[in-house]
Every structure is written in C-alpha cells, then in structure tokens.
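Asks: What follows is work-v2.cif; its format and atoms are mmCIF, C-alpha atoms and all ligand atoms.
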```cif
data_coords
loop_
_atom_site.label_atom_id
_atom_site.label_comp_id
_atom_site.auth_asym_id
_atom_site.auth_seq_id
_atom_site.Cartn_x
_atom_site.Cartn_y
_atom_site.Cartn_z
CA MET A 1 0.00 0.00 0.00
CA ALA A 2 1.33 3.46 -0.89
CA ALA A 3 2.16 5.90 1.89
CA ARG A 4 -0.18 8.59 3.09
CA ALA A 5 1.43 12.05 3.14
CA LEU A 6 0.32 14.14 6.11
CA THR A 7 1.39 17.75 6.59
CA ILE A 8 1.57 19.20 10.10
CA THR A 9 0.90 22.95 10.02
CA SER A 10 -0.51 25.72 12.24
CA GLY A 11 -0.32 29.26 10.93
CA LYS A 12 1.10 30.61 14.18
CA GLY A 13 4.69 29.73 15.07
CA GLY A 14 5.86 27.88 18.16
CA VAL A 15 2.67 25.96 18.88
CA GLY A 16 4.28 22.50 18.65
CA LYS A 17 4.40 21.35 15.01
CA THR A 18 7.93 20.00 15.21
CA THR A 19 7.28 18.37 18.59
CA LEU A 20 4.19 16.65 17.19
CA THR A 21 5.94 15.54 13.99
CA ALA A 22 8.89 14.03 15.89
CA ASN A 23 6.66 12.24 18.38
CA LEU A 24 4.22 10.94 15.79
CA GLY A 25 7.15 9.67 13.74
CA VAL A 26 8.47 7.78 16.76
CA ALA A 27 5.05 6.50 17.86
CA LEU A 28 4.06 5.29 14.38
CA ALA A 29 7.41 3.54 13.91
CA MET A 30 7.04 1.88 17.34
CA GLN A 31 3.64 0.67 16.19
CA GLY A 32 5.26 -1.05 13.24
CA GLN A 33 4.67 1.55 10.54
CA ARG A 34 7.35 2.55 8.04
CA VAL A 35 7.72 6.29 8.50
CA VAL A 36 9.68 9.12 6.91
CA VAL A 37 9.54 12.57 8.50
CA ILE A 38 10.43 15.50 6.25
CA ASP A 39 11.64 18.78 7.71
CA ALA A 40 10.12 21.38 5.39
CA ASP A 41 11.30 24.34 7.47
CA VAL A 42 14.16 25.23 5.12
CA GLY A 43 16.54 27.71 6.77
CA LEU A 44 15.28 27.01 10.30
CA ARG A 45 15.67 23.28 10.66
CA ASN A 46 14.74 21.74 14.02
CA LEU A 47 13.33 18.29 13.43
CA ASP A 48 16.86 16.83 13.35
CA VAL A 49 17.68 18.08 16.86
CA MET A 50 14.30 17.09 18.28
CA LEU A 51 14.99 13.57 17.06
CA GLY A 52 18.64 13.63 18.16
CA LEU A 53 19.83 12.97 14.60
CA GLU A 54 21.67 16.25 13.95
CA ASN A 55 25.12 14.65 13.84
CA ARG A 56 24.22 12.16 11.17
CA ILE A 57 23.17 14.55 8.40
CA VAL A 58 25.19 14.47 5.18
CA TYR A 59 22.79 15.80 2.55
CA ASP A 60 19.44 17.57 2.78
CA LEU A 61 16.15 18.21 1.02
CA VAL A 62 17.55 21.00 -1.15
CA ASP A 63 20.52 18.83 -2.19
CA VAL A 64 17.99 16.27 -3.40
CA ILE A 65 15.90 18.85 -5.25
CA GLU A 66 18.94 20.39 -6.93
CA GLY A 67 20.35 17.01 -7.90
CA ARG A 68 23.51 16.97 -5.76
CA CYS A 69 22.59 13.58 -4.30
CA ARG A 70 20.07 10.80 -4.60
CA LEU A 71 17.07 10.78 -2.28
CA ARG A 72 18.32 7.69 -0.40
CA GLN A 73 21.63 9.38 0.39
CA ALA A 74 19.90 12.30 2.13
CA MET A 75 17.72 10.12 4.33
CA VAL A 76 18.95 9.50 7.88
CA ARG A 77 17.87 6.22 9.45
CA ASP A 78 17.08 6.37 13.16
CA LYS A 79 19.22 3.71 14.83
CA ARG A 80 16.72 3.32 17.67
CA LEU A 81 13.86 2.47 15.30
CA SER A 82 14.82 0.84 12.03
CA GLU A 83 11.60 1.92 10.31
CA LEU A 84 11.98 5.65 11.03
CA PHE A 85 13.78 7.97 8.59
CA LEU A 86 14.43 11.71 8.53
CA LEU A 87 14.79 13.84 5.43
CA PRO A 88 16.40 16.98 6.86
CA ALA A 89 15.90 20.56 5.68
CA ALA A 90 18.77 22.68 4.38
CA GLN A 91 19.96 25.10 7.01
CA THR A 92 21.91 27.60 4.89
CA ARG A 93 19.24 28.20 2.25
CA ASP A 94 15.84 29.85 2.34
CA LYS A 95 12.35 28.83 1.37
CA SER A 96 12.65 30.12 -2.18
CA ALA A 97 14.85 27.07 -2.88
CA VAL A 98 11.78 24.80 -2.83
CA GLN A 99 8.76 24.82 -5.12
CA PRO A 100 5.46 22.98 -4.46
CA GLY A 101 6.21 20.69 -7.41
CA ASP A 102 9.53 19.68 -5.84
CA MET A 103 7.79 18.47 -2.69
CA VAL A 104 5.24 16.56 -4.74
CA ARG A 105 8.02 14.79 -6.67
CA VAL A 106 10.04 13.97 -3.54
CA SER A 107 6.97 12.63 -1.75
CA ASP A 108 5.87 10.59 -4.73
CA SER A 109 9.20 8.82 -4.91
CA LEU A 110 8.88 7.90 -1.21
CA ARG A 111 5.33 6.56 -1.33
CA GLU A 112 6.16 3.02 -2.36
CA GLN A 113 8.59 2.30 0.48
CA PHE A 114 6.68 3.86 3.37
CA ASP A 115 3.34 3.81 5.15
CA PHE A 116 3.48 7.40 6.38
CA ILE A 117 5.19 10.55 5.11
CA LEU A 118 4.99 13.24 7.81
CA ILE A 119 5.85 16.76 6.66
CA ASP A 120 6.77 19.36 9.31
CA SER A 121 5.58 22.67 7.85
CA PRO A 122 7.08 26.05 8.66
CA ALA A 123 4.88 28.60 10.42
CA GLY A 124 3.02 31.16 8.33
CA ILE A 125 0.94 30.99 5.16
CA GLU A 126 3.60 31.91 2.61
CA GLN A 127 5.84 29.92 0.27
CA GLY A 128 7.00 27.46 2.96
CA PHE A 129 3.43 26.59 3.92
CA ARG A 130 2.46 26.32 0.25
CA TYR A 131 5.12 23.78 -0.66
CA ALA A 132 4.65 21.86 2.60
CA VAL A 133 0.96 21.20 1.92
CA ALA A 134 1.37 20.59 -1.83
CA PRO A 135 1.89 16.79 -1.57
CA ALA A 136 -0.51 16.28 1.36
CA ASP A 137 -3.28 13.69 1.34
CA GLY A 138 -4.33 15.02 4.73
CA VAL A 139 -3.44 17.92 6.98
CA LEU A 140 -3.05 18.07 10.76
CA ILE A 141 -3.64 21.50 12.24
CA VAL A 142 -1.84 22.15 15.52
CA THR A 143 -3.12 24.84 17.83
CA ASN A 144 -2.88 25.92 21.46
CA PRO A 145 -6.00 26.84 23.46
CA GLU A 146 -5.23 30.55 23.04
CA VAL A 147 -6.96 33.32 21.15
CA THR A 148 -4.10 34.06 18.74
CA ALA A 149 -3.26 30.44 17.92
CA VAL A 150 -6.92 29.54 17.32
CA ARG A 151 -7.43 32.54 15.08
CA ASP A 152 -4.41 31.64 12.95
CA ALA A 153 -5.50 28.00 12.83
CA ASP A 154 -8.86 29.11 11.46
CA ARG A 155 -7.17 31.06 8.69
CA VAL A 156 -5.06 28.03 7.72
CA ILE A 157 -8.09 25.72 7.78
CA GLY A 158 -9.77 28.09 5.33
CA LEU A 159 -6.76 27.96 2.99
CA ILE A 160 -6.58 24.15 3.21
CA GLU A 161 -10.28 23.86 2.39
CA ALA A 162 -9.84 26.14 -0.60
CA GLU A 163 -7.05 23.88 -1.88
CA GLU A 164 -9.24 20.80 -1.34
CA LYS A 165 -6.61 19.02 0.70
CA GLY A 166 -9.18 16.81 2.35
CA PRO A 167 -10.71 17.56 5.71
CA ALA A 168 -8.10 19.01 8.06
CA ARG A 169 -7.93 17.41 11.50
CA LEU A 170 -7.14 19.21 14.72
CA VAL A 171 -4.54 18.59 17.42
CA ILE A 172 -4.83 20.80 20.50
CA ASN A 173 -1.42 21.07 22.16
CA ARG A 174 -0.36 22.45 25.55
CA LEU A 175 -3.73 22.12 27.23
CA LYS A 176 -3.57 23.03 30.90
CA PRO A 177 -6.43 21.08 32.50
CA ASN A 178 -6.32 22.97 35.80
CA LEU A 179 -6.66 26.33 34.01
CA VAL A 180 -9.60 24.97 32.04
CA ARG A 181 -11.10 23.80 35.30
CA GLN A 182 -10.82 27.34 36.67
CA GLY A 183 -12.39 28.74 33.52
CA GLU A 184 -9.18 30.57 32.65
CA MET A 185 -8.41 28.67 29.46
CA LEU A 186 -10.45 27.76 26.40
CA ALA A 187 -11.79 24.22 26.86
CA ILE A 188 -11.33 21.49 24.25
CA SER A 189 -15.01 21.73 23.33
CA ASP A 190 -14.72 25.52 22.86
CA VAL A 191 -11.83 25.18 20.40
CA VAL A 192 -13.51 22.37 18.47
CA GLU A 193 -16.77 24.31 18.29
CA LEU A 194 -15.06 27.52 17.11
CA LEU A 195 -12.97 25.82 14.43
CA SER A 196 -15.63 23.27 13.43
CA ILE A 197 -13.24 20.54 12.35
CA ASP A 198 -12.64 16.98 13.54
CA LEU A 199 -10.55 16.59 16.66
CA LEU A 200 -7.68 14.12 16.23
CA GLY A 201 -6.05 14.52 19.61
CA VAL A 202 -5.24 16.59 22.67
CA VAL A 203 -1.74 16.85 24.15
CA PRO A 204 -1.46 18.35 27.64
CA GLU A 205 1.20 20.79 28.72
CA ASP A 206 4.05 18.63 30.00
CA GLN A 207 7.40 19.74 31.36
CA ALA A 208 8.93 16.53 30.09
CA VAL A 209 8.61 17.87 26.51
CA LEU A 210 11.46 20.27 27.19
CA GLY A 211 13.72 17.61 28.66
CA ALA A 212 12.96 15.35 25.71
CA ALA A 213 14.00 18.10 23.30
CA ASN A 214 17.13 18.74 25.36
CA ARG A 215 18.11 15.10 25.00
CA GLY A 216 16.95 14.57 21.44
CA GLN A 217 14.81 11.72 22.69
CA PRO A 218 11.09 12.38 21.98
CA LEU A 219 8.68 11.50 24.79
CA ALA A 220 6.91 8.98 22.62
CA PHE A 221 9.85 6.59 23.10
CA SER A 222 8.46 5.82 26.55
CA GLU A 223 4.78 5.85 25.83
CA ASN A 224 3.44 5.37 29.33
CA SER A 225 5.79 7.51 31.39
CA SER A 226 3.89 10.73 30.67
CA GLN A 227 0.42 11.83 29.61
CA ALA A 228 1.87 13.66 26.64
CA GLY A 229 3.70 10.51 25.51
CA ARG A 230 0.46 8.55 25.82
CA ALA A 231 -1.39 11.24 23.86
CA PHE A 232 1.10 11.02 20.96
CA HIS A 233 0.66 7.25 20.79
CA ASN A 234 -3.11 7.61 20.79
CA ILE A 235 -2.94 10.06 17.90
CA ALA A 236 -0.67 7.67 16.01
CA GLN A 237 -3.23 4.90 16.49
CA ARG A 238 -6.08 7.12 15.32
CA LEU A 239 -4.09 7.91 12.17
CA GLN A 240 -4.19 4.18 11.45
CA GLY A 241 -7.95 4.21 11.74
CA GLN A 242 -8.20 2.83 15.27
CA ASP A 243 -10.88 4.15 17.54
CA VAL A 244 -9.01 5.23 20.67
CA PRO A 245 -10.92 7.08 23.40
CA PHE A 246 -9.69 10.53 24.33
CA LEU A 247 -7.72 10.93 27.54
CA THR A 248 -9.86 12.43 30.26
CA PHE A 249 -7.70 15.03 31.93
CA GLN A 250 -10.19 17.81 31.32
CA GLU A 251 -13.00 16.81 33.65
CA PRO A 252 -12.17 17.07 37.35
CA SER A 253 -13.59 14.55 39.77
CA PHE A 254 -15.52 15.84 42.74
CA LEU A 255 -12.51 14.99 44.93
CA GLN A 256 -10.25 16.97 42.64
CA ARG A 257 -12.57 19.96 42.94
CA ILE A 258 -12.50 19.72 46.71
CA PHE A 259 -8.73 19.57 46.55
CA ASP A 260 -8.54 22.64 44.28
CA PHE A 261 -11.05 24.39 46.51
CA ALA A 262 -8.96 23.74 49.60
CA ARG A 263 -5.79 24.83 47.86
CA SER A 264 -7.34 28.03 46.55
CA GLY A 265 -7.98 29.09 50.13
CA GLY A 266 -11.62 28.06 50.14
CA MET A 267 -14.16 30.80 50.66
CA GLY A 268 -11.49 33.40 51.20
CA SER A 269 -10.35 33.56 47.58
CA MET B 1 -18.28 33.08 46.01
CA ARG B 2 -16.43 32.09 42.84
CA ALA B 3 -14.59 29.44 44.83
CA LEU B 4 -17.82 27.88 46.04
CA GLU B 5 -19.23 27.83 42.56
CA ARG B 6 -16.06 26.19 41.37
CA LEU B 7 -16.42 23.52 44.04
CA PHE B 8 -19.79 22.54 42.68
CA GLY B 9 -18.73 22.91 39.07
CA GLY B 10 -21.32 25.62 38.72
CA ARG B 11 -21.54 28.89 36.88
CA GLY B 12 -18.33 30.32 38.26
CA ARG B 13 -16.70 30.38 34.85
CA GLU B 14 -19.15 32.84 33.38
CA SER B 15 -16.94 35.87 33.84
CA ALA B 16 -13.66 33.94 33.69
CA SER B 17 -11.30 34.71 30.85
CA GLY B 18 -11.89 31.40 29.04
CA SER B 19 -15.45 32.32 28.12
CA VAL B 20 -14.42 35.87 27.26
CA ALA B 21 -11.84 34.37 24.87
CA LYS B 22 -14.49 32.18 23.27
CA GLU B 23 -16.91 35.04 22.75
CA ARG B 24 -14.24 37.30 21.27
CA LEU B 25 -13.00 34.55 18.97
CA ARG B 26 -16.51 33.87 17.76
CA LEU B 27 -16.78 37.44 16.48
CA VAL B 28 -13.23 37.65 15.14
CA LEU B 29 -13.57 34.39 13.18
CA ALA B 30 -16.93 35.41 11.75
CA HIS B 31 -15.30 38.48 10.25
CA ASP B 32 -12.07 36.72 9.23
CA ARG B 33 -13.98 34.09 7.29
CA THR B 34 -15.82 36.53 5.08
CA SER B 35 -14.67 39.70 3.41
CA ILE B 36 -17.59 41.56 4.95
CA SER B 37 -16.41 44.30 7.28
CA PRO B 38 -18.67 45.86 9.92
CA ALA B 39 -18.74 48.96 7.69
CA LEU B 40 -19.97 46.96 4.71
CA LEU B 41 -22.65 45.36 6.90
CA GLY B 42 -23.84 48.86 7.75
CA THR B 43 -24.02 49.83 4.09
CA LEU B 44 -25.92 46.67 3.20
CA LYS B 45 -28.37 47.34 5.98
CA ASP B 46 -29.03 50.93 4.88
CA GLU B 47 -29.57 49.93 1.26
CA LEU B 48 -31.82 47.01 2.18
CA ILE B 49 -33.96 49.31 4.29
CA ALA B 50 -34.21 51.80 1.44
CA VAL B 51 -35.23 49.17 -1.13
CA ILE B 52 -37.71 47.34 1.04
CA SER B 53 -39.38 50.44 2.46
CA ARG B 54 -40.32 51.43 -1.06
CA HIS B 55 -42.67 48.42 -1.16
CA VAL B 56 -43.61 47.46 2.41
CA ALA B 57 -43.77 49.24 5.71
CA ILE B 58 -40.92 48.25 8.01
CA ASP B 59 -39.42 49.67 11.15
CA PRO B 60 -35.86 50.69 10.24
CA ASP B 61 -34.74 50.58 13.88
CA GLN B 62 -35.58 46.89 14.19
CA VAL B 63 -33.67 45.73 11.11
CA GLN B 64 -30.68 43.52 11.78
CA VAL B 65 -28.11 42.42 9.20
CA THR B 66 -25.54 39.96 10.49
CA VAL B 67 -23.15 37.25 9.40
CA SER B 68 -24.05 33.97 11.04
CA GLN B 69 -21.96 30.83 11.22
CA SER B 70 -23.08 27.27 11.01
CA GLY B 71 -20.15 24.91 11.09
CA ARG B 72 -17.58 26.51 8.81
CA GLU B 73 -20.26 28.02 6.57
CA SER B 74 -21.10 31.68 6.78
CA ARG B 75 -24.37 33.23 5.74
CA LEU B 76 -25.66 36.73 5.55
CA VAL B 77 -28.84 37.02 7.59
CA ALA B 78 -31.24 39.95 7.35
CA ASP B 79 -33.99 40.13 9.95
CA ILE B 80 -36.57 42.66 8.84
CA PRO B 81 -39.68 42.84 11.06
CA LEU B 82 -42.75 44.12 9.26
CA MET B 83 -44.59 47.03 10.77
CA ASP B 84 -48.00 45.80 11.95
CA ARG B 85 -51.10 47.67 10.87
CA GLY B 86 -51.99 48.95 14.33
CA LYS B 87 -48.55 50.39 14.87
CA ARG B 88 -48.50 51.95 11.43
CA SER B 89 -51.73 53.83 11.97
CA LYS B 90 -50.48 55.17 15.28
CA ARG B 91 -47.54 56.87 13.58
N1 LIG A 301 2.85 19.73 25.12
C1 LIG A 301 3.86 20.57 25.43
N2 LIG A 301 4.19 20.81 26.72
C2 LIG A 301 5.20 21.66 27.02
N3 LIG A 301 5.96 22.29 26.11
C3 LIG A 301 5.69 22.10 24.81
C4 LIG A 301 4.64 21.23 24.40
N4 LIG A 301 4.63 21.23 23.03
C5 LIG A 301 5.61 22.06 22.63
N5 LIG A 301 6.26 22.58 23.68
C6 LIG A 301 7.38 23.54 23.64
O1 LIG A 301 7.04 24.61 22.79
C7 LIG A 301 8.15 25.07 22.06
C8 LIG A 301 7.84 25.13 20.57
O2 LIG A 301 7.61 23.81 20.09
P1 LIG A 301 7.92 23.43 18.58
O3 LIG A 301 9.30 23.80 18.19
O4 LIG A 301 7.50 22.01 18.40
O5 LIG A 301 6.88 24.39 17.83
P2 LIG A 301 6.77 24.68 16.27
O6 LIG A 301 5.32 24.89 16.00
O7 LIG A 301 7.45 23.63 15.48
O8 LIG A 301 7.58 26.06 16.13
P3 LIG A 301 8.00 26.81 14.76
O9 LIG A 301 6.76 27.50 14.28
O10 LIG A 301 9.06 27.75 15.20
O11 LIG A 301 8.48 25.75 13.82
C9 LIG A 301 9.30 24.13 22.40
O12 LIG A 301 10.11 24.77 23.33
C10 LIG A 301 8.62 22.92 23.01
O13 LIG A 301 9.44 22.32 23.96
MG MG A 302 8.95 23.82 13.95
#
```
What do you get writing this file as structure tokens?

Replies:
Amino acid sequence: MAARALTITSGKGGVGKTTLTANLGVALAMQGQRVVVIDADVGLRNLDVMLGLENRIVYDLVDVIEGRCRLRQAMVRDKRLSELFLLPAAQTRDKSAVQPGDMVRVSDSLREQFDFILIDSPAGIEQGFRYAVAPADGVLIVTNPEVTAVRDADRVIGLIEAEEKGPARLVINRLKPNLVRQGEMLAISDVVELLSIDLLGVVPEDQAVLGAANRGQPLAFSENSSQAGRAFHNIAQRLQGQDVPFLTFQEPSFLQRIFDFARSGGMGS
Amino acid sequence: MRALERLFGGRGRESASGSVAKERLRLVLAHDRTSISPALLGTLKDELIAVISRHVAIDPDQVQVTVSQSGRESRLVADIPLMDRGKRSKR
C-alpha cells in the first residue's frame, strides 16, 4: 500500500508542530509503521535536533531537489527504530529554494517504500506553507488553546479547504487542565466548536517535553511515562484508523474539585 | 463566592477569561472568514432598508443584518420585522 502524506501545520509559530511531527514519527514507527519525517522548514531546521539525529546529516532536502545527491543518500535512518527515517531541511538556504512541485516529486518517490510521510511545515501561510501542503493527502492543524493560535489556525483551515486538501484534523497542544477547570483557558469543546473541524487529539502541557527536546529523545519513546507521551501514541493509532478514546484530563472529579477548593484558600479567595 | 461555585462545578466560569476568549474569537472568526467588514454590513443594511421600504412598511430601527456561522459556513442574515397595521396607523 502506498504511503499517506500528512502535513503538520498551524499558521502561528511555536505551537508545537515539530514536537508533534517528531513524536508521531516515533510512535508510528514503534507501532510497526514505516515512516519518513520530512523537515520542510528550510533555513530554520529543528526536526533533526528534536529527534537527536543532527550529527548524522550528510545531505538535505535541497541537495535532493537540486540534484547533488540521490534521495536515499539524504535520508537519515534512526538507529533506535529501524523503520523511522528523517529527510532533513537545508539550514543555509531559504524557502525560495523549494517549489510545491519539488515536494510533490520527492513525496511521490517515497510513497512506495513507506506507510506514512509526515511533513513538518514552517509557520506562516507563505511559500513554505504552500510547498509543505502541496503533496498532502491530509493535513493536521496544531493549535494551542489561546486566542491568537486559534485565530491563525482558522485562517489556515480556510486555505486548506480552498485547496481541497481533504478535511483538516485538529490537534490541541499544551492544554492546561487545571486552568480549564478554573475557567481561565479555552476548553477542548470551545476550540472544536469555534474551528468546526474533527478533533484528532489533545496533548497536555508537559514539562517533560522540554527535557525530551534537550536530550533529542522524543517523549513517545516511553509511551506510558507521561500523559503527553500517551497522547502522541493515541494520535498515532487514530491515524491508522483505530478508535481510541480521548484521555480524560479535562474533567475534574468531585474529589479533585475539593482539593482545588482547599488549595485556593476556600471561601477566602 | 467564585470558589464555592467552582467547588460545585457551577456557573463560576461565566466571567472567567476562558469564556471571554471564546466570545471574542466567535466574532473575530466570523469576520475573518468573510470579506464583509462591519462597515460593509452597515451599508448593506441601509440599502436594504431603502429598497424594502419602497414596497412594504418596516421599522428601520428593528432591522438587523448579520453574518451567522453554522459549522464553517457563513451566511448573511437579514432580519426585517414588518410594521403591523396597528402600529403603522399610530404613527
Ligand atoms: N505539550 C507541550 N508541553 C510543554 N511544552 C511544549 C509542548 N509542546 C511544545 N512545547 C514547547 O514549545 C516550544 C515550541 O515547540 P515546537 O518547536 O514544536 O513548535 P513549532 O510549532 O514547530 O515552532 P516553529 O513554528 O518555530 O516551527 C518548544 O520549546 C517545546 O518544547
Ligand atoms: Mg517547527
């Protein structure tokens, strides 16, 4: 079966596209899928360091496009997971080095050997976004439960719909359940209602994400040691068509509410 | 009081910033999704009133022209109450 190409994009920068791409790559490969992750953020590459593969890069995406090497030579195999590959971005070039047609050609020549092609899009809605979504069979929109991120996500969803890139699916990242509980953060249902697209997954705010990036060892490697790691694995399973229930960190139990109540100073607050 | 409401999962969130964010986003997205600015809505309303009043009696103060959202679809909605006969004769 030919690979599905999925582009991870967001409009707003810094919401977690690269984190999601790296973790989904790891989770899918752990679940037995053959995966290639493509860093489409030419000039600002990050996926290599998130995956801890920065020292193994010889060639990059632009070298492939400009014919300085063959596609296979540019792909870095992850030694921890034999079915996970990275196609790195060029660091010393800019986004004008890549055209939408280039990404379509590169992706097409990868389809036969893989199950999933994950493309980490740059922020914004310009050239970089355009070429990143060009080969996509599906698009994952990453957002944070914040006014600015949701607004930008809505703009991108509109552009994706106009290009008929299939229904975009939503990943809400950095949810803080206790803030939602206090009414001080948009709830999952609010974001889904505002954007009116299918929810693929919710990843909570998790300090361990930073440590994982520091080490170049995505959280998904240990799927049950954190809620975020679990969430990435659930999303990976949903991408394969499995029906996995959503984690329930958003609804506090009565005990939890009593606990919060006591901590907030009770009636005095 | 807010704390007590929170304890019982009640209506404490009504004035919290999460619901303010949602309400603001609702309006912002409605405008982002169409190219209809508030100014253009005003123009449309004025011209609709002018055209319709030529044929039927309406109360210009009650006319509302808005962009409404259902899912990701936007539609222009004009609510134009007709002036009832009793009211008209009183004028
Ligand atoms: N669930 C999370 N919990 C805590 N921190 C997170 C989470 N997701 C992402 N982060 C942090 O947010 C920052 C930005 O993440 P990331 O680089 O993945 O975003 P991005 O969307 O790829 O950014 P850019 O638009 O610059 O490419 C990083 O420091 C990362 O550690
Ligand atoms: Mg990134």

Asks: For Gly128 in chain A, find every residue with an atom within 8 Å (counting only C-alpha atoms), except residues of its own chain fewer than 4 positions away, and show them as a PyMOL selection string.

Replies: chain A and resi 40-42+95+98+121-124+132

Asks: Pull C-alpha atoms from the residues just selected and write them as a short mmCIF file (atom, residue, chain, number, x, y, z; two decimals), in the frame of the given file.

Replies:
```
data_model
loop_
_atom_site.label_atom_id
_atom_site.label_comp_id
_atom_site.auth_asym_id
_atom_site.auth_seq_id
_atom_site.Cartn_x
_atom_site.Cartn_y
_atom_site.Cartn_z
CA ALA A 40 10.12 21.38 5.39
CA ASP A 41 11.30 24.34 7.47
CA VAL A 42 14.16 25.23 5.12
CA LYS A 95 12.35 28.83 1.37
CA VAL A 98 11.78 24.80 -2.83
CA SER A 121 5.58 22.67 7.85
CA PRO A 122 7.08 26.05 8.66
CA ALA A 123 4.88 28.60 10.42
CA GLY A 124 3.02 31.16 8.33
CA ALA A 132 4.65 21.86 2.60
#
```

Asks: Hey, what's within 12 Å of Glu47 in chain B if we count all atoms listed in the file and toss same-chain stuff fewer than 4 positions away? As a list in words, please?

Replies: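 Here the qualifying residues turn out to be Leu40, Leu41, Gly42, Thr43, Val51, Ile52, Ser53, Arg54, Pro60, Val63, Val65 and Ala78 of chain B.
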
Asks: Compare A:Ile172, A:Ala208, A:Leu199, A:Leu159 by their minimum atom-to-atom distance to chain B, counting all atoms listed in the file, and give me the closest one.

Replies: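 The answer is A:Leu159, which sits nearest to chain B.
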
Asks: Around the point (-1.3, 21.2, 16.5) in the file's coordinates, collect all residues with an atom within 12 Å, using only C-alpha atoms, and return them as a ChimeraX atom specification.

Replies: /A:7-21,24,120-121,123,139-145,149-150,152-153,156-157,168-175,191,199-204,232,235

Asks: Can you tell me how far CA of Leu84 in chain A sits from CA of Gln240 in chain A, in Å to one decimal?

Replies: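 If I compute the distance from CA of Leu84 in chain A to CA of Gln240 in chain A, I get 16.2 Å.
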
Asks: Counting only C-alpha atoms, figure out which residue out of A:Val76, A:Val133, A:Leu47, A:Val147 gets nearest to Lys165 in chain A.

Replies: A:Val133

Asks: Rounded to one decimal place, report the CA of Glu164 in chain A-CA of Leu6 in chain A distance in Å.

Replies: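 These atoms are spaced 13.8 Å apart.
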
Asks: Show which residues sit within 8 Å of range 184-189 of chain A, as a CSV table (one decimal) with C-alpha atoms, in the coordinates of the input. Count all atoms listed in the file, and ignore same-chain residues fewer than 3 positions away.

Replies:
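This is the output file around_35.csv:
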```csv
chain,number,residue,atom,x,y,z
A,145,PRO,CA,-6.0,26.8,23.5
A,146,GLU,CA,-5.2,30.6,23.0
A,172,ILE,CA,-4.8,20.8,20.5
A,176,LYS,CA,-3.6,23.0,30.9
A,179,LEU,CA,-6.7,26.3,34.0
A,180,VAL,CA,-9.6,25.0,32.0
A,181,ARG,CA,-11.1,23.8,35.3
A,192,VAL,CA,-13.5,22.4,18.5
A,193,GLU,CA,-16.8,24.3,18.3
A,202,VAL,CA,-5.2,16.6,22.7
A,250,GLN,CA,-10.2,17.8,31.3
B,13,ARG,CA,-16.7,30.4,34.8
B,16,ALA,CA,-13.7,33.9,33.7
B,17,SER,CA,-11.3,34.7,30.8
B,18,GLY,CA,-11.9,31.4,29.0
B,19,SER,CA,-15.4,32.3,28.1
B,21,ALA,CA,-11.8,34.4,24.9
B,22,LYS,CA,-14.5,32.2,23.3
```

Asks: Tell me, as a list in words, which residues lie within 10 Å of Asp48 in chain A, counting all atoms listed in the file; anything in the same chain fewer than 4 positions away does not count.

Replies: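 Counting all atoms listed in the file, the residues come to Thr18, Ala22, Val37, Ile38, Asp39, Gly52, Leu53, Glu54, Asn55, Arg56, Ile57, Val76, Leu86, Leu87, Pro88, Ala89 and Gly216 of chain A.
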
Asks: At a cut-off of 9 Å, using all atoms listed in the file, what residues contact Met30 in chain A? Leave out same-chain residues fewer than 5 positions from it and give the result as a VMD selection string.

Replies: chain A and resid 25 81 83 to 84 220 to 221

Asks: Can you measure CA of Leu239 in chain A to CA of Gln33 in chain A for me? One decimal in Å is fine.

Replies: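 Atom-to-atom, CA of Leu239 in chain A and CA of Gln33 in chain A are spaced 10.9 Å apart.
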
Asks: Which centre and edge lengths in Å to one decimal define the box along x, y and z that fits every listed atom of ligand LIG 301 (chain A) plus 4 Å per side, as AutoDock Vina command-line options?

Replies:
```
--center_x 6.5 --center_y 23.7 --center_z 20.4 --size_x 15.3 --size_y 16.0 --size_z 21.2
```

Asks: When you count all atoms listed in the file, which of these residues is closest to chain B: A:Pro245, A:Ile197, A:Ala236, A:Val209?

Replies: A:Ile197

Asks: Quick one: of A:Gln31, A:Gln127, A:Ser226, A:Ser96, who's nearest to ligand LIG 301 (chain A), counting only C-alpha atoms and all ligand atoms?

Replies: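 Closest residue, counting only C-alpha atoms and all ligand atoms: A:Ser226.
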
Asks: Could you write range 27-38 of chain B of the block just shown to a file containing N, CA and C atoms, as a PDB file, in the first residue's frame?

Replies:
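Once everything was written out, this is selection-v2.pdb:
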```pdb
ATOM      1  N   LEU B  27     -16.586  36.253  17.318  1.00  0.00           N
ATOM      2  CA  LEU B  27     -16.777  37.438  16.477  1.00  0.00           C
ATOM      3  C   LEU B  27     -15.619  37.628  15.493  1.00  0.00           C
ATOM      4  N   VAL B  28     -14.407  37.449  16.006  1.00  0.00           N
ATOM      5  CA  VAL B  28     -13.230  37.646  15.142  1.00  0.00           C
ATOM      6  C   VAL B  28     -13.266  36.669  13.970  1.00  0.00           C
ATOM      7  N   LEU B  29     -13.568  35.395  14.249  1.00  0.00           N
ATOM      8  CA  LEU B  29     -13.572  34.389  13.181  1.00  0.00           C
ATOM      9  C   LEU B  29     -14.680  34.660  12.170  1.00  0.00           C
ATOM     10  N   ALA B  30     -15.829  35.125  12.675  1.00  0.00           N
ATOM     11  CA  ALA B  30     -16.933  35.414  11.749  1.00  0.00           C
ATOM     12  C   ALA B  30     -16.497  36.461  10.733  1.00  0.00           C
ATOM     13  N   HIS B  31     -15.744  37.451  11.180  1.00  0.00           N
ATOM     14  CA  HIS B  31     -15.298  38.476  10.246  1.00  0.00           C
ATOM     15  C   HIS B  31     -14.134  38.008   9.392  1.00  0.00           C
ATOM     16  N   ASP B  32     -13.205  37.231  10.007  1.00  0.00           N
ATOM     17  CA  ASP B  32     -12.065  36.718   9.230  1.00  0.00           C
ATOM     18  C   ASP B  32     -12.528  35.843   8.061  1.00  0.00           C
ATOM     19  N   ARG B  33     -13.578  35.088   8.294  1.00  0.00           N
ATOM     20  CA  ARG B  33     -13.981  34.095   7.294  1.00  0.00           C
ATOM     21  C   ARG B  33     -14.674  34.695   6.088  1.00  0.00           C
ATOM     22  N   THR B  34     -15.174  35.903   6.227  1.00  0.00           N
ATOM     23  CA  THR B  34     -15.816  36.535   5.075  1.00  0.00           C
ATOM     24  C   THR B  34     -15.066  37.826   4.813  1.00  0.00           C
ATOM     25  N   SER B  35     -15.337  38.431   3.664  1.00  0.00           N
ATOM     26  CA  SER B  35     -14.670  39.702   3.414  1.00  0.00           C
ATOM     27  C   SER B  35     -15.608  40.844   3.766  1.00  0.00           C
ATOM     28  N   ILE B  36     -16.606  40.536   4.594  1.00  0.00           N
ATOM     29  CA  ILE B  36     -17.593  41.557   4.952  1.00  0.00           C
ATOM     30  C   ILE B  36     -17.173  42.272   6.244  1.00  0.00           C
ATOM     31  N   SER B  37     -16.822  43.519   6.111  1.00  0.00           N
ATOM     32  CA  SER B  37     -16.415  44.298   7.279  1.00  0.00           C
ATOM     33  C   SER B  37     -17.660  44.833   7.973  1.00  0.00           C
ATOM     34  N   PRO B  38     -17.527  45.242   9.228  1.00  0.00           N
ATOM     35  CA  PRO B  38     -18.669  45.862   9.917  1.00  0.00           C
ATOM     36  C   PRO B  38     -19.202  47.059   9.127  1.00  0.00           C
TER      37      PRO B  38
END
```
